[in-house]
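K.L.:
Sharing data-v8.tsv (TSV, C-alpha atoms) below.
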```tsv
chain	number	residue	atom	x	y	z
A	861	MET	CA	32.88	0.14	41.74
A	862	VAL	CA	32.44	0.92	45.43
A	863	GLY	CA	30.08	-1.15	47.56
A	864	ALA	CA	27.27	1.33	48.20
A	865	ILE	CA	27.00	2.23	44.52
A	866	ASP	CA	27.02	-1.39	43.45
A	867	GLU	CA	24.31	-2.22	45.97
A	868	LEU	CA	22.07	0.53	44.64
A	869	ILE	CA	22.61	-0.61	41.04
A	870	THR	CA	21.73	-4.18	42.02
A	871	GLU	CA	18.56	-3.11	43.82
A	872	LEU	CA	17.42	-0.82	40.99
A	873	ALA	CA	18.09	-3.56	38.42
A	874	ARG	CA	15.51	-5.76	40.20
A	875	LEU	CA	12.74	-3.41	39.02
A	876	PRO	CA	10.76	-4.52	35.97
A	877	GLY	CA	11.92	-3.01	32.69
A	878	ILE	CA	15.16	-1.77	34.26
A	879	GLY	CA	18.28	-3.60	33.19
A	880	ARG	CA	21.75	-3.23	34.64
A	881	LYS	CA	22.69	-0.44	32.23
A	882	THR	CA	19.65	1.65	33.07
A	883	ALA	CA	20.17	0.95	36.77
A	884	GLN	CA	23.72	2.26	36.41
A	885	ARG	CA	22.53	5.38	34.59
A	886	LEU	CA	19.90	6.01	37.28
A	887	THR	CA	22.45	5.51	40.04
A	888	PHE	CA	24.92	7.97	38.57
A	889	HIS	CA	22.06	10.39	38.01
A	890	LEU	CA	21.03	10.09	41.66
A	891	LEU	CA	24.62	10.64	42.75
A	892	GLN	CA	24.59	13.98	40.96
A	893	GLN	CA	21.38	15.14	42.65
A	894	PRO	CA	21.21	17.03	45.95
A	895	SER	CA	21.29	14.33	48.61
A	896	ASP	CA	17.86	15.31	49.95
A	897	GLN	CA	16.20	14.18	46.71
A	898	VAL	CA	17.72	10.73	47.14
A	899	SER	CA	16.71	10.71	50.80
A	900	ARG	CA	13.14	11.66	49.85
A	901	LEU	CA	12.98	8.69	47.46
A	902	ALA	CA	14.31	6.40	50.21
A	903	ALA	CA	11.74	7.81	52.64
A	904	ALA	CA	8.93	7.33	50.11
A	905	LEU	CA	9.92	3.67	49.74
A	906	THR	CA	10.01	3.18	53.49
A	907	GLY	CA	6.66	4.99	53.63
A	908	VAL	CA	4.83	2.52	51.42
A	909	VAL	CA	6.33	-0.43	53.30
A	910	GLU	CA	5.23	0.95	56.65
A	911	ARG	CA	1.95	2.61	55.86
A	912	VAL	CA	0.26	0.84	52.93
A	913	ARG	CA	-1.78	-2.37	53.43
A	914	PRO	CA	-4.84	-3.96	51.80
A	915	CYS	CA	-8.24	-2.57	52.80
A	916	GLY	CA	-10.03	-5.18	54.96
A	917	GLU	CA	-13.22	-4.81	52.96
A	918	CYS	CA	-12.20	-4.63	49.30
A	919	GLY	CA	-8.50	-5.53	49.16
A	920	ASN	CA	-7.51	-2.19	47.61
A	921	LEU	CA	-4.36	-0.52	48.92
A	922	SER	CA	-4.97	1.82	51.79
A	923	GLU	CA	-3.25	3.57	54.67
A	924	VAL	CA	-6.20	2.95	56.97
A	925	GLU	CA	-8.20	-0.16	57.90
A	926	GLN	CA	-11.07	0.80	55.56
A	927	CYS	CA	-10.10	2.50	52.31
A	928	GLY	CA	-11.48	5.83	51.11
A	929	ILE	CA	-13.78	4.19	48.57
A	930	CYS	CA	-15.31	1.66	50.98
A	931	SER	CA	-15.89	4.35	53.61
A	932	ASP	CA	-17.48	6.78	51.14
A	933	PRO	CA	-21.26	6.78	51.84
A	934	THR	CA	-22.09	8.37	48.47
A	935	ARG	CA	-20.81	5.31	46.62
A	936	ASP	CA	-23.33	2.74	45.37
A	937	GLY	CA	-22.70	-0.37	47.46
A	938	ALA	CA	-25.00	-2.48	45.26
A	939	LEU	CA	-22.69	-2.09	42.27
A	940	LEU	CA	-19.45	-4.07	42.59
A	941	CYS	CA	-16.53	-3.94	40.15
A	942	ILE	CA	-14.13	-6.89	40.45
A	943	VAL	CA	-10.54	-6.26	39.36
A	944	GLU	CA	-7.29	-8.19	39.57
A	945	GLU	CA	-4.92	-5.53	40.85
A	946	PRO	CA	-5.03	-2.27	42.83
A	947	SER	CA	-3.56	-0.47	39.81
A	948	THR	CA	-6.78	-1.16	37.90
A	949	VAL	CA	-8.77	0.64	40.59
A	950	SER	CA	-6.79	3.82	40.09
A	951	VAL	CA	-7.08	3.55	36.30
A	952	VAL	CA	-10.89	3.13	36.49
A	953	GLU	CA	-11.18	5.93	39.05
A	954	LYS	CA	-9.17	8.30	36.88
A	955	ALA	CA	-10.72	7.49	33.51
A	956	THR	CA	-14.37	6.81	34.24
A	957	SER	CA	-17.19	8.17	36.36
A	958	PHE	CA	-17.83	4.81	38.08
A	959	ARG	CA	-19.41	5.42	41.49
A	960	GLY	CA	-19.80	1.87	42.78
A	961	ARG	CA	-17.43	-0.16	44.98
A	962	TYR	CA	-14.54	-2.47	44.10
A	963	LEU	CA	-13.20	-5.85	45.01
A	964	VAL	CA	-9.50	-6.36	44.37
A	965	LEU	CA	-8.69	-10.06	43.91
A	966	GLY	CA	-4.93	-9.62	44.20
A	967	GLY	CA	-4.20	-11.61	41.03
A	968	ARG	CA	-5.79	-14.05	38.64
A	969	LEU	CA	-6.35	-17.80	38.61
A	970	SER	CA	-3.27	-19.45	37.18
A	971	PRO	CA	-2.89	-23.13	38.11
A	972	ILE	CA	0.48	-23.27	36.35
A	973	ASP	CA	1.82	-20.70	38.85
A	974	GLY	CA	0.06	-22.42	41.74
A	975	ILE	CA	-2.55	-19.67	42.06
A	976	GLY	CA	-5.97	-21.10	42.87
A	977	PRO	CA	-9.05	-19.42	44.38
A	978	GLU	CA	-7.47	-19.66	47.88
A	979	GLN	CA	-4.60	-17.44	46.79
A	980	LEU	CA	-7.06	-14.72	45.73
A	981	ARG	CA	-9.53	-12.72	47.84
A	982	MET	CA	-12.46	-15.02	47.04
A	983	GLY	CA	-13.29	-15.11	50.77
A	984	LEU	CA	-13.97	-11.36	50.74
A	985	LEU	CA	-16.12	-11.83	47.65
A	986	ARG	CA	-18.15	-14.66	49.22
A	987	ARG	CA	-18.72	-12.55	52.33
A	988	ARG	CA	-19.90	-9.70	50.11
A	989	ILE	CA	-22.32	-11.98	48.26
A	990	GLU	CA	-23.68	-13.46	51.49
A	991	ALA	CA	-24.16	-10.02	53.02
A	992	GLY	CA	-26.71	-9.45	50.23
A	993	GLY	CA	-27.78	-6.22	48.57
A	994	LEU	CA	-25.72	-6.66	45.41
A	995	ARG	CA	-27.53	-5.55	42.25
A	996	GLU	CA	-24.77	-5.86	39.67
A	997	VAL	CA	-21.26	-7.27	39.52
A	998	ILE	CA	-18.96	-5.95	36.79
A	999	LEU	CA	-16.18	-8.37	35.88
A	1000	ALA	CA	-13.18	-6.19	35.06
A	1001	THR	CA	-10.42	-8.81	35.00
A	1002	ASN	CA	-7.81	-8.54	32.25
A	1003	PRO	CA	-8.81	-9.71	28.77
A	1004	SER	CA	-6.24	-12.51	28.98
A	1005	LEU	CA	-6.65	-16.26	29.26
A	1006	GLU	CA	-6.15	-16.22	33.04
A	1007	GLY	CA	-8.36	-13.17	33.44
A	1008	GLU	CA	-11.17	-14.86	31.52
A	1009	ALA	CA	-10.79	-18.03	33.59
A	1010	THR	CA	-11.00	-15.96	36.77
A	1011	SER	CA	-14.16	-14.27	35.52
A	1012	THR	CA	-15.72	-17.61	34.61
A	1013	TYR	CA	-15.00	-18.89	38.13
A	1014	ILE	CA	-16.67	-15.83	39.68
A	1015	GLN	CA	-19.64	-16.17	37.30
A	1016	GLN	CA	-20.21	-19.64	38.75
A	1017	LEU	CA	-20.06	-18.28	42.30
A	1018	LEU	CA	-22.74	-15.76	41.36
A	1019	ALA	CA	-25.00	-18.10	39.40
A	1020	GLY	CA	-28.57	-18.28	40.66
A	1021	LYS	CA	-28.16	-15.42	43.16
A	1022	GLY	CA	-30.31	-13.04	41.12
A	1023	ILE	CA	-27.37	-10.66	40.64
A	1024	ARG	CA	-26.76	-9.08	37.22
A	1025	VAL	CA	-23.29	-10.01	35.96
A	1026	THR	CA	-21.61	-7.90	33.27
A	1027	ARG	CA	-18.11	-7.55	31.91
A	1028	LEU	CA	-16.15	-4.77	30.20
A	1029	ALA	CA	-16.89	-4.57	26.47
A	1030	ARG	CA	-14.42	-6.10	24.01
A	1031	GLY	CA	-13.77	-4.14	20.84
A	1032	LEU	CA	-11.42	-1.87	18.97
A	1033	PRO	CA	-9.14	0.27	21.12
A	1034	VAL	CA	-9.90	3.94	20.49
A	1035	GLY	CA	-7.14	5.50	18.40
A	1036	GLY	CA	-6.07	2.05	17.21
A	1037	ASP	CA	-5.57	1.09	13.59
A	1038	LEU	CA	-7.66	-1.62	11.94
A	1039	GLU	CA	-4.58	-2.80	10.11
A	1040	TYR	CA	-2.78	-3.73	13.31
A	1041	VAL	CA	-5.63	-5.00	15.45
A	1042	ASP	CA	-5.44	-8.73	16.25
A	1043	GLY	CA	-7.95	-11.16	14.82
A	1044	VAL	CA	-9.59	-12.12	18.11
A	1045	THR	CA	-10.28	-8.49	19.03
A	1046	LEU	CA	-11.59	-7.83	15.54
A	1047	SER	CA	-14.00	-10.76	15.59
A	1048	HIS	CA	-15.19	-9.65	19.07
A	1049	ALA	CA	-15.72	-6.16	17.71
A	1050	LEU	CA	-17.65	-7.48	14.74
A	1051	GLN	CA	-19.83	-9.75	16.87
A	1052	ALA	CA	-20.62	-6.98	19.35
A	1053	ARG	CA	-21.11	-4.33	16.67
A	1054	GLN	CA	-23.16	-1.39	17.84
A	1055	GLU	CA	-26.11	0.34	16.19
A	1056	VAL	CA	-25.30	3.78	14.82
A	1057	SER	CA	-28.28	6.02	15.48
B	666	MET	CA	-4.62	7.33	45.54
B	667	VAL	CA	-3.31	7.19	49.09
B	668	GLY	CA	-0.58	9.60	50.21
B	669	ALA	CA	2.35	7.20	50.61
B	670	ILE	CA	1.79	5.66	47.17
B	671	ASP	CA	1.44	9.05	45.51
B	672	GLU	CA	4.64	10.25	47.17
B	673	LEU	CA	6.58	7.27	45.86
B	674	ILE	CA	5.20	7.77	42.34
B	675	THR	CA	6.20	11.44	42.45
B	676	GLU	CA	9.73	10.64	43.63
B	677	LEU	CA	10.25	7.88	41.05
B	678	ALA	CA	8.94	10.14	38.28
B	679	ARG	CA	11.81	12.55	38.99
B	680	LEU	CA	14.29	9.99	37.65
B	681	PRO	CA	15.49	10.50	34.08
B	682	GLY	CA	13.61	8.49	31.46
B	683	ILE	CA	10.87	7.59	33.93
B	684	GLY	CA	7.55	9.28	33.31
B	685	ARG	CA	4.51	9.24	35.55
B	686	LYS	CA	3.10	6.09	33.95
B	687	THR	CA	6.30	4.10	34.43
B	688	ALA	CA	6.62	5.45	37.98
B	689	GLN	CA	3.11	4.18	38.66
B	690	ARG	CA	3.91	0.77	37.21
B	691	LEU	CA	7.11	0.55	39.29
B	692	THR	CA	5.25	1.57	42.44
B	693	PHE	CA	2.54	-1.06	42.01
B	694	HIS	CA	5.24	-3.60	41.25
B	695	LEU	CA	7.08	-2.70	44.46
B	696	LEU	CA	3.84	-2.96	46.42
B	697	GLN	CA	3.54	-6.57	45.29
B	698	GLN	CA	7.05	-7.48	46.37
B	699	PRO	CA	8.03	-8.76	49.80
B	700	SER	CA	8.51	-5.65	51.90
B	701	ASP	CA	12.17	-6.43	52.57
B	702	GLN	CA	13.00	-5.92	48.88
B	703	VAL	CA	11.57	-2.42	49.05
B	704	SER	CA	13.39	-1.79	52.31
B	705	ARG	CA	16.67	-2.95	50.75
B	706	LEU	CA	16.21	-0.46	47.91
B	707	ALA	CA	15.49	2.30	50.45
B	708	ALA	CA	18.58	1.28	52.41
B	709	ALA	CA	20.73	1.25	49.27
B	710	LEU	CA	19.61	4.82	48.50
B	711	THR	CA	20.37	5.96	52.01
B	712	GLY	CA	23.69	4.12	51.70
B	713	VAL	CA	24.90	6.14	48.72
B	714	VAL	CA	23.82	9.40	50.36
B	715	GLU	CA	25.68	8.61	53.56
B	716	ARG	CA	28.74	6.77	52.32
B	717	VAL	CA	29.64	7.96	48.82
B	718	ARG	CA	31.62	11.16	48.26
B	719	PRO	CA	34.20	12.40	45.73
B	720	CYS	CA	37.76	11.15	46.19
B	721	GLY	CA	39.90	14.06	47.41
B	722	GLU	CA	42.58	13.29	44.86
B	723	CYS	CA	40.78	12.48	41.60
B	724	GLY	CA	37.13	13.42	42.13
B	725	ASN	CA	35.90	9.88	41.43
B	726	LEU	CA	33.16	8.52	43.68
B	727	SER	CA	34.46	6.71	46.71
B	728	GLU	CA	33.47	5.50	50.14
B	729	VAL	CA	36.83	6.47	51.59
B	730	GLU	CA	38.91	9.66	51.49
B	731	GLN	CA	41.21	8.28	48.80
B	732	CYS	CA	39.55	6.05	46.19
B	733	GLY	CA	40.70	2.54	45.31
B	734	ILE	CA	42.35	3.65	42.09
B	735	CYS	CA	44.34	6.54	43.63
B	736	SER	CA	45.53	4.34	46.49
B	737	ASP	CA	46.58	1.46	44.19
B	738	PRO	CA	50.42	1.52	44.03
B	739	THR	CA	50.50	-0.66	40.90
B	740	ARG	CA	48.78	2.08	38.88
B	741	ASP	CA	50.92	4.34	36.67
B	742	GLY	CA	50.69	7.79	38.29
B	743	ALA	CA	52.43	9.43	35.32
B	744	LEU	CA	49.50	8.57	33.03
B	745	LEU	CA	46.37	10.62	33.67
B	746	CYS	CA	43.00	10.12	31.99
B	747	ILE	CA	40.67	13.13	32.29
B	748	VAL	CA	36.94	12.39	32.15
B	749	GLU	CA	33.78	14.40	32.73
B	750	GLU	CA	31.79	12.04	34.93
B	751	PRO	CA	32.42	9.18	37.38
B	752	SER	CA	30.34	6.90	35.14
B	753	THR	CA	33.05	7.19	32.46
B	754	VAL	CA	35.63	5.83	34.92
B	755	SER	CA	33.65	2.66	35.42
B	756	VAL	CA	33.09	2.26	31.67
B	757	VAL	CA	36.83	2.64	30.94
B	758	GLU	CA	37.73	0.32	33.83
B	759	LYS	CA	35.34	-2.34	32.60
B	760	ALA	CA	36.10	-2.17	28.88
B	761	THR	CA	39.81	-1.45	28.67
B	762	SER	CA	43.05	-2.47	30.32
B	763	PHE	CA	43.98	1.12	31.23
B	764	ARG	CA	46.29	1.10	34.26
B	765	GLY	CA	46.88	4.80	34.83
B	766	ARG	CA	45.01	7.23	37.09
B	767	TYR	CA	41.96	9.41	36.48
B	768	LEU	CA	40.78	12.92	37.07
B	769	VAL	CA	37.03	13.39	37.15
B	770	LEU	CA	36.07	16.96	36.25
B	771	GLY	CA	32.48	16.65	37.43
B	772	GLY	CA	31.01	18.07	34.23
B	773	ARG	CA	31.96	20.03	31.13
B	774	LEU	CA	32.44	23.70	30.34
B	775	SER	CA	29.09	25.12	29.35
B	776	PRO	CA	28.86	28.92	29.68
B	777	ILE	CA	25.18	28.83	28.70
B	778	ASP	CA	24.44	26.75	31.84
B	779	GLY	CA	26.76	28.92	33.92
B	780	ILE	CA	29.44	26.23	34.16
B	781	GLY	CA	32.93	27.70	33.92
B	782	PRO	CA	36.31	26.27	35.01
B	783	GLU	CA	35.54	27.16	38.66
B	784	GLN	CA	32.53	24.81	38.64
B	785	LEU	CA	34.75	21.91	37.55
B	786	ARG	CA	37.66	20.25	39.37
B	787	MET	CA	40.31	22.33	37.57
B	788	GLY	CA	41.94	23.06	40.94
B	789	LEU	CA	42.67	19.35	41.43
B	790	LEU	CA	44.08	19.24	37.90
B	791	ARG	CA	46.35	22.25	38.49
B	792	ARG	CA	47.63	20.70	41.72
B	793	ARG	CA	48.34	17.49	39.81
B	794	ILE	CA	50.24	19.37	37.09
B	795	GLU	CA	52.25	21.37	39.65
B	796	ALA	CA	53.15	18.24	41.61
B	797	GLY	CA	55.03	17.14	38.48
B	798	GLY	CA	55.79	13.66	37.24
B	799	LEU	CA	53.07	13.58	34.57
B	800	ARG	CA	54.18	11.89	31.35
B	801	GLU	CA	50.91	11.80	29.41
B	802	VAL	CA	47.41	13.22	29.78
B	803	ILE	CA	44.59	11.48	27.90
B	804	LEU	CA	41.62	13.75	27.21
B	805	ALA	CA	38.56	11.52	27.45
B	806	THR	CA	35.82	14.13	27.53
B	807	ASN	CA	32.68	13.43	25.54
B	808	PRO	CA	32.85	13.96	21.75
B	809	SER	CA	30.33	16.80	22.04
B	810	LEU	CA	30.71	20.56	21.56
B	811	GLU	CA	31.06	21.17	25.31
B	812	GLY	CA	33.37	18.19	25.75
B	813	GLU	CA	35.65	19.47	22.98
B	814	ALA	CA	35.67	22.97	24.50
B	815	THR	CA	36.61	21.48	27.87
B	816	SER	CA	39.46	19.54	26.27
B	817	THR	CA	40.70	22.65	24.47
B	818	TYR	CA	40.74	24.53	27.78
B	819	ILE	CA	42.78	21.77	29.44
B	820	GLN	CA	45.14	21.62	26.45
B	821	GLN	CA	45.96	25.29	27.09
B	822	LEU	CA	46.62	24.57	30.77
B	823	LEU	CA	49.08	21.87	29.74
B	824	ALA	CA	50.81	23.79	26.95
B	825	GLY	CA	54.55	24.14	27.36
B	826	LYS	CA	54.78	21.77	30.34
B	827	GLY	CA	56.45	19.02	28.35
B	828	ILE	CA	53.57	16.65	28.91
B	829	ARG	CA	52.26	14.52	26.06
B	830	VAL	CA	48.56	15.26	25.44
B	831	THR	CA	46.37	12.75	23.60
B	832	ARG	CA	42.67	12.22	23.12
B	833	LEU	CA	40.46	9.22	22.39
B	834	ALA	CA	40.40	8.35	18.68
B	835	ARG	CA	37.43	9.47	16.58
B	836	GLY	CA	36.19	6.99	14.01
B	837	LEU	CA	33.56	4.46	13.13
B	838	PRO	CA	31.84	2.78	16.05
B	839	VAL	CA	32.50	-0.95	15.92
B	840	GLY	CA	29.38	-2.77	14.76
B	841	GLY	CA	28.02	0.42	13.24
B	842	ASP	CA	26.74	0.76	9.70
B	843	LEU	CA	28.41	3.11	7.21
B	844	GLU	CA	25.01	4.05	5.87
B	845	TYR	CA	23.90	5.52	9.19
B	846	VAL	CA	27.13	7.08	10.42
B	847	ASP	CA	27.02	10.87	10.61
B	848	GLY	CA	29.14	12.98	8.27
B	849	VAL	CA	31.42	14.46	10.93
B	850	THR	CA	32.36	11.03	12.28
B	851	LEU	CA	32.91	9.74	8.77
B	852	SER	CA	35.22	12.59	7.81
B	853	HIS	CA	37.13	12.08	11.09
B	854	ALA	CA	37.44	8.38	10.26
B	855	LEU	CA	38.70	9.15	6.77
B	856	GLN	CA	41.22	11.72	7.98
B	857	ALA	CA	42.56	9.37	10.67
B	858	ARG	CA	42.54	6.31	8.42
B	859	GLN	CA	44.84	3.56	9.62
B	860	GLU	CA	47.39	1.50	7.71
B	861	VAL	CA	46.34	-2.11	7.17
B	862	SER	CA	49.42	-4.28	7.56
```
Write out the structure in this file as structure tokens.

P.N.:
Amino acid sequence: MVGAIDELITELARLPGIGRKTAQRLTFHLLQQPSDQVSRLAAALTGVVERVRPCGECGNLSEVEQCGICSDPTRDGALLCIVEEPSTVSVVEKATSFRGRYLVLGGRLSPIDGIGPEQLRMGLLRRRIEAGGLREVILATNPSLEGEATSTYIQQLLAGKGIRVTRLARGLPVGGDLEYVDGVTLSHALQARQEVS
Amino acid sequence: MVGAIDELITELARLPGIGRKTAQRLTFHLLQQPSDQVSRLAAALTGVVERVRPCGECGNLSEVEQCGICSDPTRDGALLCIVEEPSTVSVVEKATSFRGRYLVLGGRLSPIDGIGPEQLRMGLLRRRIEAGGLREVILATNPSLEGEATSTYIQQLLAGKGIRVTRLARGLPVGGDLEYVDGVTLSHALQARQEVS
């Protein structure tokens, strides 16, 4: 295998969910494409490295100092949704009609991986709390152990500030099958059962 | 979604087997990596565009005018293995102890896609036949309808030249299960059954 091809296979194989075989298949596919498609992919990669950085206000990814959501005056600044990753912002934006602001922590508390509050954007959050004007904080961390721990930590930060704290509902995934749902989800769903009008 | 991120998602989603969701996941993964990993991937892509081209002699991918296999004097030049794609060369090289040379057609005959002999490297093959000295040609096209048609076409080119023509054996895949093997493979395997010593 020649050097340039091997290098590309190695780099592609670093991506999550892509093993060496898939990386090889992708490489040979790319080699059969017009070279400008490959160049466009290379340029797109260079583009994100050079242009994308965290928004100074909310931590979301942005090409400018203040991201489009933070600089949008029609958004409700008193309603703050706290998420772990930028990808969650785009999921919420696409799927819901949420019109508040976000705070992107950049991860979750995980002492075992050496991630404490200092490794997350808790400073931005504190500044936001101190600035005042918050009516409600929605905790939208992942429904995992670390996500829950992160939410609990933030709950403590917010205690006694007169801010409403909510979190995303736990329950059955729509389209799911009762037979395959896990016990914890099911007991959450039972506990939080909703009135049928 | 900001422009640079969207561009990268779009370019990644062009790859085979990668839908928009996976492209999004890969993009957000890359955004969390140190920027030099992303730059290395971009450089590797640019590298194949700039440095890799078909070998002038066999059509295999190479960074030099004559590929490493064609320029290797210890290889048997009288033994020629004809394959459709460069990826097959690397598979054969890795898995077998084949020490002959290759000819990479660059595809298979497929009139429905407008691919006739002129779209393949039949010119290189003719030159190779005319140069003389060939003892055996191994047809290693894919065991598909188009692959078989391509092999038949080459067989006709070689007819009456006194060159031995062989093809890869058809039979049961090792590790396969008789229950799931298709009928055509099974009847091939039965017809070509081998003596047990």

K.L.:
Need to verify the contact set: Arg766 in chain B, 10 Å, all atoms listed in the file, exclusion of same-chain residues closer than 2 positions in sequence. Can you return it as a PyMOL selection string?

P.N.:
chain B and resi 723+734-737+740-747+754+763-764+768+802

K.L.:
Report as a ChimeraX atom specification all protein, DNA and RNA residues lying within 8 Å of range 688-701 of chain B, evaluated on all atoms listed in the file, omitting residues in the same chain fewer than 6 positions from it.

P.N.:
/A:875-876,908-909,946-947 /B:670,673-675,677-678

K.L.:
Within 7 Å of (-14.2, -7.1, 34.9) in the file's own coordinates, which protein, DNA or RNA residues have an atom, counting only C-alpha atoms? List them as an mmCIF file with C-alpha atoms, in the frame of the given file.

P.N.:
```
data_model
loop_
_atom_site.group_PDB
_atom_site.id
_atom_site.type_symbol
_atom_site.label_atom_id
_atom_site.label_comp_id
_atom_site.auth_asym_id
_atom_site.auth_seq_id
_atom_site.Cartn_x
_atom_site.Cartn_y
_atom_site.Cartn_z
ATOM 1 C CA CYS A 941 -16.530 -3.940 40.150
ATOM 2 C CA ILE A 942 -14.130 -6.890 40.450
ATOM 3 C CA VAL A 943 -10.540 -6.260 39.360
ATOM 4 C CA ILE A 998 -18.960 -5.950 36.790
ATOM 5 C CA LEU A 999 -16.180 -8.370 35.880
ATOM 6 C CA ALA A 1000 -13.180 -6.190 35.060
ATOM 7 C CA THR A 1001 -10.420 -8.810 35.000
ATOM 8 C CA ARG A 1027 -18.110 -7.550 31.910
ATOM 9 C CA LEU A 1028 -16.150 -4.770 30.200
#
```

K.L.:
Expressed in Å to a single decimal, how great is the separation between CA of Glu945 in chain A and CA of Ser1047 in chain A?

P.N.:
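Interatomic distance, CA of Glu945 in chain A to CA of Ser1047 in chain A: 27.3 Å.
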
K.L.:
Residues within 9 Å of range 819-830 of chain B, please, as an mmCIF file with C-alpha atoms, keeping the file's coordinate frame. Count only C-alpha atoms; anything in the same chain fewer than 4 positions from it doesn't count.

P.N.:
```
data_model
loop_
_atom_site.group_PDB
_atom_site.id
_atom_site.type_symbol
_atom_site.label_atom_id
_atom_site.label_comp_id
_atom_site.auth_asym_id
_atom_site.auth_seq_id
_atom_site.Cartn_x
_atom_site.Cartn_y
_atom_site.Cartn_z
ATOM 1 C CA MET B 787 40.310 22.330 37.570
ATOM 2 C CA LEU B 790 44.080 19.240 37.900
ATOM 3 C CA ARG B 791 46.350 22.250 38.490
ATOM 4 C CA ILE B 794 50.240 19.370 37.090
ATOM 5 C CA LEU B 799 53.070 13.580 34.570
ATOM 6 C CA ARG B 800 54.180 11.890 31.350
ATOM 7 C CA GLU B 801 50.910 11.800 29.410
ATOM 8 C CA VAL B 802 47.410 13.220 29.780
ATOM 9 C CA ILE B 803 44.590 11.480 27.900
ATOM 10 C CA LEU B 804 41.620 13.750 27.210
ATOM 11 C CA ALA B 814 35.670 22.970 24.500
ATOM 12 C CA THR B 815 36.610 21.480 27.870
#
```

K.L.:
Which of these, A:Leu905, A:Ile972, A:Ile878, A:Val1034, has the shortest distance to chain B once you count all atoms listed in the file?

P.N.:
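Distance minimum relative to chain B lands on A:Leu905.
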
K.L.:
Can you pull out the residues contacting Gly916 in chain A? Cut-off 12 Å, using all atoms listed in the file, and skip same-chain residues under 5 positions away; I want them as a ChimeraX atom specification.

P.N.:
/A:921-931,963-964,981,983-985,987-988

K.L.:
Filtering to C-alpha atoms, could you give me those residues as a CSV table (one decimal), keeping the file's coordinate frame?

P.N.:
```csv
chain,number,residue,atom,x,y,z
A,921,LEU,CA,-4.4,-0.5,48.9
A,922,SER,CA,-5.0,1.8,51.8
A,923,GLU,CA,-3.2,3.6,54.7
A,924,VAL,CA,-6.2,3.0,57.0
A,925,GLU,CA,-8.2,-0.2,57.9
A,926,GLN,CA,-11.1,0.8,55.6
A,927,CYS,CA,-10.1,2.5,52.3
A,928,GLY,CA,-11.5,5.8,51.1
A,929,ILE,CA,-13.8,4.2,48.6
A,930,CYS,CA,-15.3,1.7,51.0
A,931,SER,CA,-15.9,4.4,53.6
A,963,LEU,CA,-13.2,-5.8,45.0
A,964,VAL,CA,-9.5,-6.4,44.4
A,981,ARG,CA,-9.5,-12.7,47.8
A,983,GLY,CA,-13.3,-15.1,50.8
A,984,LEU,CA,-14.0,-11.4,50.7
A,985,LEU,CA,-16.1,-11.8,47.6
A,987,ARG,CA,-18.7,-12.6,52.3
A,988,ARG,CA,-19.9,-9.7,50.1
```

K.L.:
Interatomic distance between CA of Lys759 in chain B and CA of Leu837 in chain B?

P.N.:
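Value for the CA of Lys759 in chain B-CA of Leu837 in chain B distance: 20.7 Å.
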
K.L.:
If I take CA of Val717 in chain B and CA of Ser899 in chain A, how far is one from the other in Å, to one decimal?

P.N.:
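Separating CA of Val717 in chain B from CA of Ser899 in chain A is a distance of 13.4 Å.
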
K.L.:
Determine, counting all atoms listed in the file, which protein, DNA and RNA residues have an atom within 10 Å of an atom of Ala1029 in chain A; residues of the same chain fewer than 6 positions away are not included. Present the result as a PyMOL selection string.

P.N.:
chain A and resi 1000+1003+1048-1049+1052

K.L.:
Go through B:Pro738, B:Gly848, B:Gly812, B:Gly771 one by one, measure the shortest atom-to-atom distance of each to chain A using all atoms listed in the file, and give the residue with the smallest value.

P.N.:
B:Gly771

K.L.:
May I ask which of the residues A:Pro977, A:Gly907, A:Gly879, A:Pro914 is the closest one to chain B, counting all atoms listed in the file?

P.N.:
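Nearest to chain B: A:Gly907.
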